[in-house]
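K.L.:
What follows is input_37.cif; its format and atoms are mmCIF, C-alpha atoms and all ligand atoms.
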```
data_structure
#
loop_
_atom_site.label_atom_id
_atom_site.label_comp_id
_atom_site.auth_asym_id
_atom_site.auth_seq_id
_atom_site.Cartn_x
_atom_site.Cartn_y
_atom_site.Cartn_z
CA MET A 777 123.60 39.44 22.40
CA PRO A 778 121.93 39.13 25.85
CA ASN A 779 123.47 37.03 28.64
CA LYS A 780 126.92 37.07 27.11
CA THR A 781 130.01 36.67 29.22
CA ILE A 782 132.82 38.96 28.10
CA LEU A 783 136.35 38.58 29.43
CA ILE A 784 138.25 41.87 29.32
CA THR A 785 141.98 41.55 30.00
CA GLY A 786 143.96 44.50 31.36
CA GLY A 787 140.75 46.06 32.68
CA ALA A 788 142.52 47.71 35.63
CA GLY A 789 144.80 49.69 33.31
CA PHE A 790 144.28 52.99 31.56
CA ILE A 791 142.28 52.05 28.44
CA GLY A 792 140.96 48.76 29.86
CA SER A 793 139.24 50.53 32.77
CA HIS A 794 137.32 52.75 30.34
CA VAL A 795 136.32 49.72 28.27
CA VAL A 796 135.18 47.83 31.39
CA ARG A 797 133.14 50.84 32.59
CA LEU A 798 131.50 51.29 29.19
CA PHE A 799 130.54 47.61 28.93
CA VAL A 800 129.36 47.24 32.55
CA ASN A 801 127.10 50.31 32.27
CA LYS A 802 125.92 49.85 28.68
CA TYR A 803 125.25 46.10 28.77
CA PRO A 804 123.61 45.20 32.09
CA ASP A 805 122.68 41.77 30.63
CA TYR A 806 126.30 40.88 29.99
CA LYS A 807 128.59 39.43 32.61
CA ILE A 808 131.88 41.34 32.47
CA VAL A 809 134.94 39.55 33.84
CA ASN A 810 138.00 41.77 34.29
CA LEU A 811 141.20 39.70 34.21
CA ASP A 812 144.28 41.64 35.31
CA ALA A 813 147.58 40.85 37.05
CA LEU A 814 147.66 44.31 38.71
CA THR A 815 151.17 45.17 37.62
CA TYR A 816 152.49 48.65 38.42
CA ALA A 817 150.10 49.92 35.70
CA GLY A 818 146.98 48.17 36.99
CA ASN A 819 144.94 49.95 39.63
CA LEU A 820 141.48 48.89 40.84
CA GLU A 821 140.95 52.49 42.04
CA ASN A 822 140.19 53.14 38.36
CA LEU A 823 137.01 51.07 38.69
CA LYS A 824 135.70 52.15 42.12
CA ASP A 825 132.44 53.46 40.63
CA ILE A 826 131.43 50.15 39.04
CA GLU A 827 133.09 47.49 41.23
CA ASP A 828 129.85 46.70 43.10
CA LYS A 829 127.69 46.29 39.99
CA PRO A 830 126.11 42.80 39.78
CA ASN A 831 127.38 42.19 36.23
CA TYR A 832 131.05 42.82 37.13
CA THR A 833 133.67 40.37 38.43
CA PHE A 834 137.42 40.71 38.92
CA GLU A 835 140.02 37.94 38.53
CA LYS A 836 143.62 38.64 39.52
CA VAL A 837 145.53 36.51 37.03
CA ASN A 838 148.79 36.84 35.12
CA ILE A 839 148.27 35.93 31.45
CA VAL A 840 151.77 34.44 31.33
CA ASP A 841 150.44 31.65 33.57
CA ALA A 842 148.65 29.33 31.10
CA ASP A 843 147.04 27.17 33.82
CA ALA A 844 145.63 30.20 35.62
CA VAL A 845 144.25 31.55 32.34
CA LYS A 846 142.63 28.19 31.56
CA ALA A 847 141.08 28.08 35.04
CA VAL A 848 139.41 31.46 34.43
CA PHE A 849 138.05 30.21 31.09
CA ASP A 850 136.75 27.01 32.73
CA LYS A 851 135.11 29.02 35.51
CA HIS A 852 133.47 31.76 33.45
CA LYS A 853 133.18 30.21 29.97
CA PRO A 854 133.44 33.55 28.13
CA ASP A 855 131.78 34.07 24.73
CA GLY A 856 133.95 37.05 23.90
CA ILE A 857 137.45 38.24 24.78
CA ILE A 858 138.62 41.83 24.58
CA HIS A 859 142.35 41.60 25.09
CA LEU A 860 144.08 44.74 26.35
CA ALA A 861 146.50 43.37 28.97
CA ALA A 862 150.02 44.32 27.94
CA GLU A 863 153.25 45.92 28.92
CA SER A 864 152.61 49.24 27.21
CA HIS A 865 155.48 51.68 27.75
CA VAL A 866 158.14 52.04 25.02
CA ASP A 867 160.79 53.37 27.44
CA ARG A 868 160.37 50.34 29.75
CA SER A 869 160.62 48.03 26.71
CA ILE A 870 164.03 49.51 25.94
CA THR A 871 165.35 48.59 29.40
CA SER A 872 163.42 45.29 29.90
CA PRO A 873 162.48 43.80 26.51
CA LEU A 874 161.85 40.27 27.84
CA ASP A 875 158.98 41.45 30.05
CA PHE A 876 157.30 42.53 26.83
CA VAL A 877 157.88 39.16 25.18
CA TYR A 878 156.39 37.31 28.15
CA THR A 879 153.24 39.37 28.56
CA ASN A 880 152.58 40.65 25.05
CA VAL A 881 153.57 37.56 23.06
CA ILE A 882 153.34 34.53 25.36
CA GLY A 883 150.41 35.99 27.32
CA THR A 884 148.49 36.58 24.10
CA VAL A 885 149.20 33.03 22.86
CA ASN A 886 148.01 31.65 26.22
CA LEU A 887 144.72 33.50 25.76
CA LEU A 888 144.38 32.34 22.15
CA ASN A 889 144.96 28.73 23.24
CA ALA A 890 142.41 29.01 26.03
CA ALA A 891 139.82 30.50 23.65
CA LYS A 892 140.51 27.89 20.97
CA GLU A 893 140.17 25.08 23.50
CA GLN A 894 137.01 26.52 25.12
CA TRP A 895 135.26 27.19 21.80
CA LYS A 896 136.56 24.24 19.78
CA ASP A 897 133.16 22.58 19.32
CA ASN A 898 131.45 25.70 18.05
CA PHE A 899 132.89 29.08 17.08
CA GLU A 900 129.38 30.47 16.42
CA GLY A 901 128.74 33.70 18.37
CA LYS A 902 132.30 33.79 19.71
CA ARG A 903 134.87 36.56 19.18
CA PHE A 904 138.48 37.30 20.19
CA HIS A 905 139.11 41.04 19.91
CA HIS A 906 142.80 41.90 20.05
CA VAL A 907 143.58 45.51 20.97
CA SER A 908 146.76 46.66 19.26
CA THR A 909 148.62 49.80 18.37
CA ASP A 910 149.60 51.90 15.36
CA GLU A 911 153.24 51.46 16.46
CA VAL A 912 153.34 48.04 14.70
CA TYR A 913 153.48 49.95 11.38
CA GLY A 914 156.78 51.64 12.24
CA ALA A 915 157.36 55.31 11.57
CA LEU A 916 156.18 57.75 8.91
CA GLY A 917 158.11 60.61 7.35
CA ASP A 918 156.55 64.06 7.12
CA THR A 919 153.63 62.85 4.98
CA GLY A 920 151.32 59.84 4.57
CA PHE A 921 149.15 57.76 6.90
CA PHE A 922 149.02 54.21 8.23
CA THR A 923 146.18 52.27 6.58
CA GLU A 924 145.03 48.71 7.30
CA GLU A 925 147.23 47.60 4.37
CA THR A 926 150.46 49.21 5.64
CA ALA A 927 153.15 46.54 6.12
CA TYR A 928 154.37 45.92 9.67
CA ASP A 929 157.74 47.48 10.46
CA PRO A 930 158.10 47.76 14.25
CA HIS A 931 161.17 49.44 15.73
CA SER A 932 160.96 49.29 19.53
CA PRO A 933 160.81 46.12 21.63
CA TYR A 934 157.28 47.24 22.61
CA SER A 935 156.05 47.55 19.02
CA ALA A 936 157.90 44.37 18.00
CA SER A 937 156.10 42.45 20.76
CA LYS A 938 152.72 43.91 19.77
CA ALA A 939 153.38 43.14 16.08
CA SER A 940 154.24 39.58 17.05
CA SER A 941 151.02 39.23 19.04
CA ASP A 942 149.01 40.58 16.07
CA HIS A 943 150.61 37.93 13.81
CA PHE A 944 149.70 35.18 16.28
CA VAL A 945 146.08 36.39 16.34
CA TYR A 946 145.92 36.19 12.53
CA ALA A 947 147.68 32.83 12.58
CA TYR A 948 144.98 31.42 14.89
CA ALA A 949 142.28 32.72 12.51
CA ASP A 950 144.01 31.26 9.44
CA THR A 951 145.08 27.96 11.03
CA TYR A 952 142.22 27.11 13.37
CA GLY A 953 139.40 29.37 12.16
CA LEU A 954 139.32 31.25 15.46
CA PRO A 955 136.88 34.20 15.12
CA ILE A 956 138.95 37.34 15.61
CA VAL A 957 138.98 41.10 15.06
CA LEU A 958 141.81 43.59 15.60
CA THR A 959 141.94 47.28 16.29
CA ASN A 960 145.16 49.26 15.87
CA CYS A 961 144.87 52.58 17.64
CA SER A 962 146.95 55.74 17.87
CA ASN A 963 148.15 57.36 21.13
CA ASN A 964 145.41 57.67 23.74
CA TYR A 965 145.06 60.30 26.46
CA GLY A 966 142.49 60.99 29.17
CA PRO A 967 141.55 60.26 32.80
CA ASN A 968 143.46 57.47 34.60
CA HIS A 969 146.44 57.69 32.22
CA PHE A 970 149.54 56.39 34.02
CA PRO A 971 151.95 59.30 34.62
CA GLU A 972 154.93 57.71 32.86
CA LYS A 973 153.42 58.61 29.46
CA LEU A 974 153.84 62.04 27.88
CA ILE A 975 150.58 63.87 28.70
CA PRO A 976 149.98 62.74 32.32
CA LEU A 977 153.71 63.04 33.11
CA MET A 978 153.67 66.66 31.92
CA ILE A 979 150.46 67.41 33.85
CA HIS A 980 151.99 65.93 37.01
CA ASN A 981 155.23 67.90 36.56
CA ILE A 982 153.44 71.17 35.77
CA ILE A 983 151.35 70.83 38.96
CA ASN A 984 154.54 70.23 40.96
CA HIS A 985 156.72 72.88 39.21
CA LYS A 986 159.08 70.13 38.01
CA PRO A 987 161.04 70.17 34.69
CA LEU A 988 159.10 69.05 31.58
CA PRO A 989 161.45 66.59 29.81
CA VAL A 990 161.00 66.82 26.02
CA TYR A 991 162.98 64.15 24.15
CA GLY A 992 165.36 65.29 21.38
CA ASP A 993 164.20 68.36 19.46
CA GLY A 994 160.52 67.83 20.34
CA LYS A 995 159.53 67.55 16.65
CA TYR A 996 158.32 63.95 16.99
CA THR A 997 154.67 63.69 16.02
CA ARG A 998 151.84 61.62 17.47
CA ASP A 999 148.13 61.30 16.59
CA TRP A 1000 146.16 61.71 19.85
CA LEU A 1001 142.76 60.21 20.63
CA TYR A 1002 140.60 60.70 23.74
CA VAL A 1003 140.45 57.35 25.56
CA ILE A 1004 136.64 57.28 25.72
CA ASP A 1005 136.53 57.50 21.92
CA HIS A 1006 138.85 54.49 21.76
CA ALA A 1007 136.52 52.59 24.11
CA ARG A 1008 133.57 53.49 21.83
CA ALA A 1009 135.51 52.19 18.83
CA ILE A 1010 136.29 48.91 20.61
CA ASP A 1011 132.60 48.49 21.48
CA LEU A 1012 131.61 49.03 17.83
CA VAL A 1013 134.24 46.74 16.33
CA PHE A 1014 133.65 44.02 18.93
CA HIS A 1015 129.93 43.97 18.08
CA GLU A 1016 129.82 44.96 14.41
CA GLY A 1017 133.29 44.52 12.92
CA LYS A 1018 133.70 41.90 10.17
CA ASN A 1019 135.27 38.61 11.18
CA ALA A 1020 139.05 38.35 10.70
CA GLU A 1021 139.37 42.03 9.80
CA LYS A 1022 141.33 44.85 11.37
CA TYR A 1023 140.30 48.45 11.90
CA ASN A 1024 142.65 51.38 12.39
CA VAL A 1025 141.46 53.86 15.03
CA GLY A 1026 142.87 57.40 15.24
CA GLY A 1027 141.99 60.96 15.97
CA PHE A 1028 143.03 62.71 12.72
CA ASN A 1029 144.79 64.83 15.32
CA GLU A 1030 148.54 65.15 14.85
CA TRP A 1031 150.69 67.13 17.26
CA LYS A 1032 154.42 67.67 17.46
CA ASN A 1033 155.41 66.92 21.07
CA ILE A 1034 156.73 70.41 21.69
CA ASP A 1035 153.51 72.08 20.42
CA LEU A 1036 151.44 69.75 22.56
CA VAL A 1037 153.48 70.48 25.69
CA GLN A 1038 153.14 74.21 25.01
CA LEU A 1039 149.34 73.89 24.67
CA LEU A 1040 149.26 71.94 27.94
CA CYS A 1041 151.30 74.64 29.68
CA LYS A 1042 148.92 77.33 28.39
CA GLN A 1043 145.74 75.49 29.46
CA MET A 1044 147.22 74.63 32.85
CA ASP A 1045 148.44 78.15 33.59
CA GLU A 1046 144.86 79.34 33.00
CA LYS A 1047 143.31 76.60 35.16
CA LEU A 1048 145.87 76.98 37.97
CA GLY A 1049 145.65 80.78 37.94
CA ARG A 1050 149.33 81.06 37.09
CA GLU A 1051 150.83 83.89 35.08
CA ALA A 1052 150.76 83.24 31.30
CA GLY A 1053 154.05 81.61 30.23
CA GLU A 1054 155.01 80.43 33.73
CA SER A 1055 154.81 76.67 33.05
CA GLN A 1056 156.54 76.97 29.66
CA LYS A 1057 159.70 77.94 31.51
CA LEU A 1058 159.80 74.37 32.88
CA ILE A 1059 160.30 72.86 29.39
CA THR A 1060 163.68 71.09 29.26
CA PHE A 1061 165.04 69.34 26.17
CA VAL A 1062 166.61 66.03 27.22
CA LYS A 1063 168.50 63.14 25.59
CA ASP A 1064 166.48 61.45 22.85
CA ARG A 1065 164.86 58.02 23.13
CA PRO A 1066 166.90 55.43 21.13
CA GLY A 1067 165.12 54.33 17.94
CA HIS A 1068 162.55 57.10 18.40
CA ASP A 1069 159.81 56.88 15.74
CA LEU A 1070 159.46 60.25 14.00
CA ARG A 1071 155.76 60.30 13.24
CA TYR A 1072 152.61 58.20 13.66
CA ALA A 1073 149.38 59.08 11.85
CA ILE A 1074 146.37 56.84 11.37
CA ASP A 1075 143.98 56.79 8.44
CA ALA A 1076 140.72 55.87 10.20
CA THR A 1077 138.56 55.97 7.07
CA LYS A 1078 137.59 52.27 7.22
CA ILE A 1079 136.04 52.36 10.70
CA ASN A 1080 134.38 55.66 9.84
CA LYS A 1081 132.85 54.47 6.54
CA GLU A 1082 131.96 50.91 7.57
CA LEU A 1083 130.90 51.37 11.18
CA GLY A 1084 130.14 55.12 11.40
CA TRP A 1085 132.75 55.80 14.12
CA SER A 1086 134.39 59.19 14.55
CA PRO A 1087 135.92 60.97 17.56
CA SER A 1088 133.31 62.69 19.76
CA VAL A 1089 135.50 65.44 21.23
CA THR A 1090 138.02 67.89 19.81
CA PHE A 1091 141.55 67.73 21.15
CA GLU A 1092 141.20 71.02 23.04
CA GLU A 1093 138.02 69.73 24.75
CA GLY A 1094 139.56 66.35 25.53
CA LEU A 1095 142.73 67.88 26.89
CA SER A 1096 140.77 70.33 29.04
CA LYS A 1097 138.65 67.47 30.47
CA THR A 1098 141.81 65.46 31.09
CA ILE A 1099 143.54 68.28 32.97
CA ASP A 1100 140.37 68.86 35.03
CA TRP A 1101 140.27 65.15 35.93
CA PHE A 1102 143.88 65.17 37.12
CA LEU A 1103 143.36 68.37 39.11
CA GLU A 1104 140.24 66.87 40.74
CA ASN A 1105 141.99 63.54 41.43
CA LYS A 1106 145.28 64.64 42.95
CA GLU A 1107 145.06 61.78 45.44
CA TRP A 1108 144.95 59.23 42.60
CA LEU A 1109 147.97 60.91 41.05
CA ASN A 1110 149.86 61.03 44.35
CA ASN A 1111 149.09 57.38 45.12
CA VAL A 1112 150.26 56.27 41.71
CA THR A 1113 153.43 58.33 41.76
CA SER A 1114 154.31 57.39 45.35
CA GLY A 1115 153.67 53.69 44.78
CA ASP A 1116 151.32 53.55 47.79
CA TYR A 1117 148.63 51.74 45.86
CA GLN A 1118 151.09 48.97 44.94
CA LYS A 1119 151.98 48.41 48.58
CA TYR A 1120 148.26 48.22 49.27
CA TYR A 1121 147.77 45.48 46.67
CA GLU A 1122 150.77 43.53 47.92
CA GLY A 1123 149.06 43.37 51.32
CA GLN A 1124 145.59 42.83 49.90
CA TYR A 1125 146.61 39.85 47.74
CA ALA A 1126 149.47 38.54 49.89
CA ASN A 1127 147.87 35.10 50.33
CA GLU A 1128 146.87 34.54 46.72
CA ALA A 1129 148.73 32.33 44.27
CA ASN A 1130 149.54 35.14 41.80
P1 LIG B 1201 148.37 50.11 30.72
O1 LIG B 1201 149.82 49.85 30.84
O2 LIG B 1201 147.79 51.34 31.32
O3 LIG B 1201 147.55 48.88 31.32
C1 LIG B 1201 147.90 47.55 31.07
C2 LIG B 1201 147.08 46.66 32.00
O4 LIG B 1201 147.46 45.30 31.72
C3 LIG B 1201 147.36 46.91 33.49
O5 LIG B 1201 146.14 46.91 34.21
C4 LIG B 1201 148.24 45.75 33.89
O6 LIG B 1201 148.08 45.37 35.25
C5 LIG B 1201 147.74 44.65 32.95
N1 LIG B 1201 148.78 43.65 32.70
C6 LIG B 1201 150.07 43.86 32.34
N2 LIG B 1201 150.73 42.69 32.26
C7 LIG B 1201 149.82 41.72 32.57
C8 LIG B 1201 149.90 40.31 32.64
N3 LIG B 1201 151.04 39.65 32.41
N4 LIG B 1201 148.78 39.62 32.96
C9 LIG B 1201 147.61 40.27 33.20
N5 LIG B 1201 147.49 41.60 33.17
C10 LIG B 1201 148.59 42.32 32.85
O7 LIG B 1201 148.09 50.03 29.15
P2 LIG B 1201 147.05 50.85 28.25
O8 LIG B 1201 147.70 52.12 27.83
O9 LIG B 1201 145.73 50.88 28.92
O10 LIG B 1201 147.00 49.91 26.97
C11 LIG B 1201 146.04 48.84 26.89
C12 LIG B 1201 146.20 48.14 25.56
O11 LIG B 1201 145.98 49.05 24.49
C13 LIG B 1201 147.59 47.54 25.34
O12 LIG B 1201 147.44 46.30 24.70
C14 LIG B 1201 148.27 48.55 24.42
O13 LIG B 1201 149.24 47.92 23.61
C15 LIG B 1201 147.10 49.04 23.61
N6 LIG B 1201 147.22 50.43 23.09
C16 LIG B 1201 147.56 51.45 23.94
C17 LIG B 1201 147.64 52.75 23.45
C18 LIG B 1201 147.96 53.91 24.33
O14 LIG B 1201 148.10 55.04 23.84
N7 LIG B 1201 148.06 53.75 25.64
C19 LIG B 1201 147.38 53.00 22.08
C20 LIG B 1201 147.04 51.91 21.26
C21 LIG B 1201 146.95 50.63 21.77
P1 LIG B 1202 154.68 58.15 25.05
O1 LIG B 1202 153.58 58.80 25.83
O2 LIG B 1202 155.69 57.35 25.79
O3 LIG B 1202 153.97 57.29 23.91
P2 LIG B 1202 154.62 56.51 22.62
O4 LIG B 1202 156.08 56.45 22.79
O5 LIG B 1202 153.99 55.16 22.73
O6 LIG B 1202 154.18 57.29 21.44
O7 LIG B 1202 155.46 59.26 24.25
C1 LIG B 1202 154.78 60.12 23.33
C2 LIG B 1202 155.82 60.99 22.68
O8 LIG B 1202 156.38 61.88 23.66
C3 LIG B 1202 157.00 60.23 22.11
O9 LIG B 1202 157.44 60.89 20.91
C4 LIG B 1202 158.08 60.34 23.19
C5 LIG B 1202 157.78 61.70 23.78
N1 LIG B 1202 158.11 61.85 25.22
C6 LIG B 1202 158.87 62.95 25.64
O10 LIG B 1202 159.30 63.80 24.84
N2 LIG B 1202 159.13 63.08 26.98
C7 LIG B 1202 158.70 62.16 27.89
O11 LIG B 1202 158.99 62.32 29.10
C8 LIG B 1202 157.92 61.06 27.44
C9 LIG B 1202 157.40 60.03 28.42
C10 LIG B 1202 157.64 60.95 26.10
#
```
Take the structure I supplied and represent it as structure tokens, if you would.
P.N.:
Amino acid sequence: MPNKTILITGGAGFIGSHVVRLFVNKYPDYKIVNLDALTYAGNLENLKDIEDKPNYTFEKVNIVDADAVKAVFDKHKPDGIIHLAAESHVDRSITSPLDFVYTNVIGTVNLLNAAKEQWKDNFEGKRFHHVSTDEVYGALGDTGFFTEETAYDPHSPYSASKASSDHFVYAYADTYGLPIVLTNCSNNYGPNHFPEKLIPLMIHNIINHKPLPVYGDGKYTRDWLYVIDHARAIDLVFHEGKNAEKYNVGGFNEWKNIDLVQLLCKQMDEKLGREAGESQKLITFVKDRPGHDLRYAIDATKINKELGWSPSVTFEEGLSKTIDWFLENKEWLNNVTSGDYQKYYEGQYANEAN
């Protein structure tokens, strides 16, 4: 597919920045347009190494603004969309559910409308790839896995908004024939992860000798995947996935939160030259998250069998690389936690419409 224009939304965020980097470097013939509103979670620092590449462009746009979205489509005429822009944090969705409806539901429908309108004469060679989450399936008990056939049963405002956006994507395929694919992925971790989520928050607090807040009894279970393996899966499904199908993506890597935090403490004590067991003393059990899903676990057999995808690193390797990245990028971490980078963007974009 030479000379394609691919619009990646949410490219300044955690996963989006890895997808943008992969596409910019791997496909020099493509034009990659990164559309992002630069919310608290969006940070162009994440893309410093590729921002001057000739096949990369940035558009600061809020997907809730339908006219602004349409203007970007008119300007760049994308052949493919990889849609990652979202409000992504469950805890924030509990305090501000409407923000999640605006961005995750209305923003997605705005993008679907723009794609439908742009491509209406010919859907040939076009693709709308919606990046979703395993959280749409609800929660598992102690056994079983989410497959592509598992019925949706979201519990948090975040997962309800993502489930809704998934339904709209299917509705546009069924009603208008829009060419779509979906990926539903498990919890990601890795470089550039915003330190409100479990792993980077714990890394930040361990570095700073702050308490490590474990919700409830710490027995909640998540299936963790290294972010670069998610980006590889998105690349594969975007190019080779079957039209109108979904692919579950996961690490076959389940960890109870408390075991994961203990492993992190152990690895970090070694890397920081601290006495064994020192960081563990920081673990503090705190009030549980309301509606907390007990367990997520993805069955990623379909993407493995049909497209040959599997994770490239073990969890221990991925976690070690992640810790190293945070230790080598303390300035990034400090900027993000102090909010300095947001002040910078407010000044930088003060005269723009968005
Ligand atoms: P993130 O919060 O780190 O980044 C989200 C990005 O979207 C930011 O750059 C932000 O500025 C941008 N954004 C937010 N609202 C916007 C708006 N209204 N208009 C334009 N841009 C906006 O999120 P992430 O963890 O990188 O997740 C990316 C996608 O992957 C999301 O759709 C999420 O649901 C999905 N996902 C995430 C995980 C995970 O573990 N993080 C797992 C599975 C799926
Ligand atoms: P999180 O990273 O917020 O991802 P998600 O809720 O989307 O799975 O949380 C991962 C798990 O860690 C989840 O069970 C909640 C738990 N958790 C804590 O115990 N303490 C924390 O400070 C955070 C942020 C999460």
K.L.:
Could you produce a table of the residues of chain A lying within 10 Å of ligand LIG 1202 (chain B), with the nearest pair of atoms per residue and their separation in Å rounded to one decimal, using all atoms listed in the file, ordered by chain and increasing residue number, as a Markdown table?
P.N.:
```
| residue | atom | partner | partner_atom | distance |
| --- | --- | --- | --- | --- |
| A:Ser864 | CA | B:LIG1202 | O5 | 7.6 |
| A:His865 | CA | B:LIG1202 | O2 | 6.0 |
| A:Val866 | CA | B:LIG1202 | O4 | 5.4 |
| A:Asp867 | CA | B:LIG1202 | O2 | 6.7 |
| A:Arg868 | CA | B:LIG1202 | O2 | 9.3 |
| A:Thr909 | CA | B:LIG1202 | O5 | 8.8 |
| A:Asp910 | CA | B:LIG1202 | O5 | 9.2 |
| A:Glu911 | CA | B:LIG1202 | O5 | 7.3 |
| A:Ser932 | CA | B:LIG1202 | O4 | 9.3 |
| A:Tyr934 | CA | B:LIG1202 | O5 | 8.6 |
| A:Ser935 | CA | B:LIG1202 | O5 | 8.7 |
| A:Ser962 | CA | B:LIG1202 | O6 | 8.2 |
| A:Asn963 | CA | B:LIG1202 | O6 | 6.0 |
| A:Asn964 | CA | B:LIG1202 | O1 | 8.5 |
| A:Tyr965 | CA | B:LIG1202 | O1 | 8.7 |
| A:His969 | CA | B:LIG1202 | O1 | 9.6 |
| A:Phe970 | CA | B:LIG1202 | O1 | 9.4 |
| A:Pro971 | CA | B:LIG1202 | C9 | 8.3 |
| A:Glu972 | CA | B:LIG1202 | C9 | 5.6 |
| A:Lys973 | CA | B:LIG1202 | O1 | 3.6 |
| A:Leu974 | CA | B:LIG1202 | O1 | 3.8 |
| A:Ile975 | CA | B:LIG1202 | O1 | 6.6 |
| A:Pro976 | CA | B:LIG1202 | O1 | 8.4 |
| A:Leu977 | CA | B:LIG1202 | O11 | 6.7 |
| A:Met978 | CA | B:LIG1202 | O11 | 7.4 |
| A:Pro987 | CA | B:LIG1202 | O11 | 9.9 |
| A:Leu988 | CA | B:LIG1202 | O11 | 7.2 |
| A:Pro989 | CA | B:LIG1202 | O11 | 5.0 |
| A:Val990 | CA | B:LIG1202 | O10 | 3.7 |
| A:Tyr991 | CA | B:LIG1202 | O10 | 3.8 |
| A:Gly992 | CA | B:LIG1202 | O10 | 7.1 |
| A:Asp993 | CA | B:LIG1202 | O10 | 8.6 |
| A:Gly994 | CA | B:LIG1202 | O10 | 6.2 |
| A:Lys995 | CA | B:LIG1202 | O9 | 8.2 |
| A:Tyr996 | CA | B:LIG1202 | O9 | 5.1 |
| A:Thr997 | CA | B:LIG1202 | O9 | 6.3 |
| A:Arg998 | CA | B:LIG1202 | O6 | 6.3 |
| A:Asp999 | CA | B:LIG1202 | O6 | 8.7 |
| A:Trp1000 | CA | B:LIG1202 | O6 | 9.3 |
| A:Trp1031 | CA | B:LIG1202 | C2 | 9.7 |
| A:Lys1032 | CA | B:LIG1202 | O9 | 8.2 |
| A:Asn1033 | CA | B:LIG1202 | O8 | 5.7 |
| A:Ile1034 | CA | B:LIG1202 | O10 | 7.8 |
| A:Leu1036 | CA | B:LIG1202 | O8 | 9.4 |
| A:Val1037 | CA | B:LIG1202 | O10 | 8.9 |
| A:Thr1060 | CA | B:LIG1202 | N2 | 9.5 |
| A:Phe1061 | CA | B:LIG1202 | O10 | 8.1 |
| A:Val1062 | CA | B:LIG1202 | O10 | 8.0 |
| A:Lys1063 | CA | B:LIG1202 | O10 | 9.3 |
| A:Asp1064 | CA | B:LIG1202 | O10 | 7.8 |
| A:Arg1065 | CA | B:LIG1202 | C4 | 7.2 |
| A:His1068 | CA | B:LIG1202 | O9 | 6.8 |
| A:Asp1069 | CA | B:LIG1202 | O9 | 7.0 |
| A:Leu1070 | CA | B:LIG1202 | O9 | 7.2 |
| A:Arg1071 | CA | B:LIG1202 | O9 | 7.9 |
| A:Tyr1072 | CA | B:LIG1202 | O6 | 8.0 |
```
K.L.:
Taking (153.7, 44.4, 11.0) in the file's own coordinates, collect the residues within 10 Å, counting only C-alpha atoms, and hand them back as a short mmCIF file (atom, residue, chain, number, x, y, z; two decimals) with C-alpha atoms, in the frame of the given file.
P.N.:
```cif
data_model
loop_
_atom_site.label_atom_id
_atom_site.label_comp_id
_atom_site.auth_asym_id
_atom_site.auth_seq_id
_atom_site.Cartn_x
_atom_site.Cartn_y
_atom_site.Cartn_z
CA ASP A 910 149.60 51.90 15.36
CA GLU A 911 153.24 51.46 16.46
CA VAL A 912 153.34 48.04 14.70
CA TYR A 913 153.48 49.95 11.38
CA GLY A 914 156.78 51.64 12.24
CA GLU A 925 147.23 47.60 4.37
CA THR A 926 150.46 49.21 5.64
CA ALA A 927 153.15 46.54 6.12
CA TYR A 928 154.37 45.92 9.67
CA ASP A 929 157.74 47.48 10.46
CA PRO A 930 158.10 47.76 14.25
CA SER A 935 156.05 47.55 19.02
CA ALA A 936 157.90 44.37 18.00
CA LYS A 938 152.72 43.91 19.77
CA ALA A 939 153.38 43.14 16.08
CA SER A 940 154.24 39.58 17.05
CA SER A 941 151.02 39.23 19.04
CA ASP A 942 149.01 40.58 16.07
CA HIS A 943 150.61 37.93 13.81
#
```
K.L.:
Name the closest residue to ligand LIG 1201 (chain B) among the candidates A:Ile956, A:Leu1058, A:Leu798, A:Leu860; distances are taken between atoms, counting only C-alpha atoms and all ligand atoms.
P.N.:
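Distance minimum relative to ligand LIG 1201 (chain B) lands on A:Leu860.
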K.L.:
For CA of Ile839 in chain A and atom C7 of ligand LIG 1201 (chain B), determine how far apart the two atoms are, in Å to one decimal place.
P.N.:
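These two atoms are separated by 6.1 Å.
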K.L.:
Near Ala862 in chain A, within 12 Å and counting all atoms listed in the file, which residues show up once chain neighbours fewer than 6 positions away are dropped, as a VMD selection string?
P.N.:
chain A and resid 785 to 792 811 to 818 838 to 840 869 875 to 884 906 to 909 934 to 935 937 to 938 941
K.L.:
Up to 6 Å from (146.5, 67.0, 29.5) in the file's coordinates: name the residues, counting only C-alpha atoms, as a list in words.
P.N.:
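Protein, DNA and RNA residues close to (146.5, 67.0, 29.5): Ile975, Ile979, Leu1040, Leu1095, Thr1098 and Ile1099 of chain A.
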K.L.:
Using the selection just defined, write its residues with C-alpha atoms as an mmCIF file, keeping the file's coordinate frame.
P.N.:
```cif
data_model
loop_
_atom_site.group_PDB
_atom_site.id
_atom_site.type_symbol
_atom_site.label_atom_id
_atom_site.label_comp_id
_atom_site.auth_asym_id
_atom_site.auth_seq_id
_atom_site.Cartn_x
_atom_site.Cartn_y
_atom_site.Cartn_z
ATOM 1 C CA ILE A 975 150.580 63.870 28.700
ATOM 2 C CA ILE A 979 150.460 67.410 33.850
ATOM 3 C CA LEU A 1040 149.260 71.940 27.940
ATOM 4 C CA LEU A 1095 142.730 67.880 26.890
ATOM 5 C CA THR A 1098 141.810 65.460 31.090
ATOM 6 C CA ILE A 1099 143.540 68.280 32.970
#
```
K.L.:
Would you list the contacts of Glu1021 in chain A as a list in words, taking every protein, DNA or RNA residue within 9 Å and counting only C-alpha atoms, but skipping same-chain residues closer than 4 positions in sequence?
P.N.:
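Residues near the query, excluding close chain neighbours: Ile956, Val957, Leu958, Thr959 and Gly1017 of chain A.
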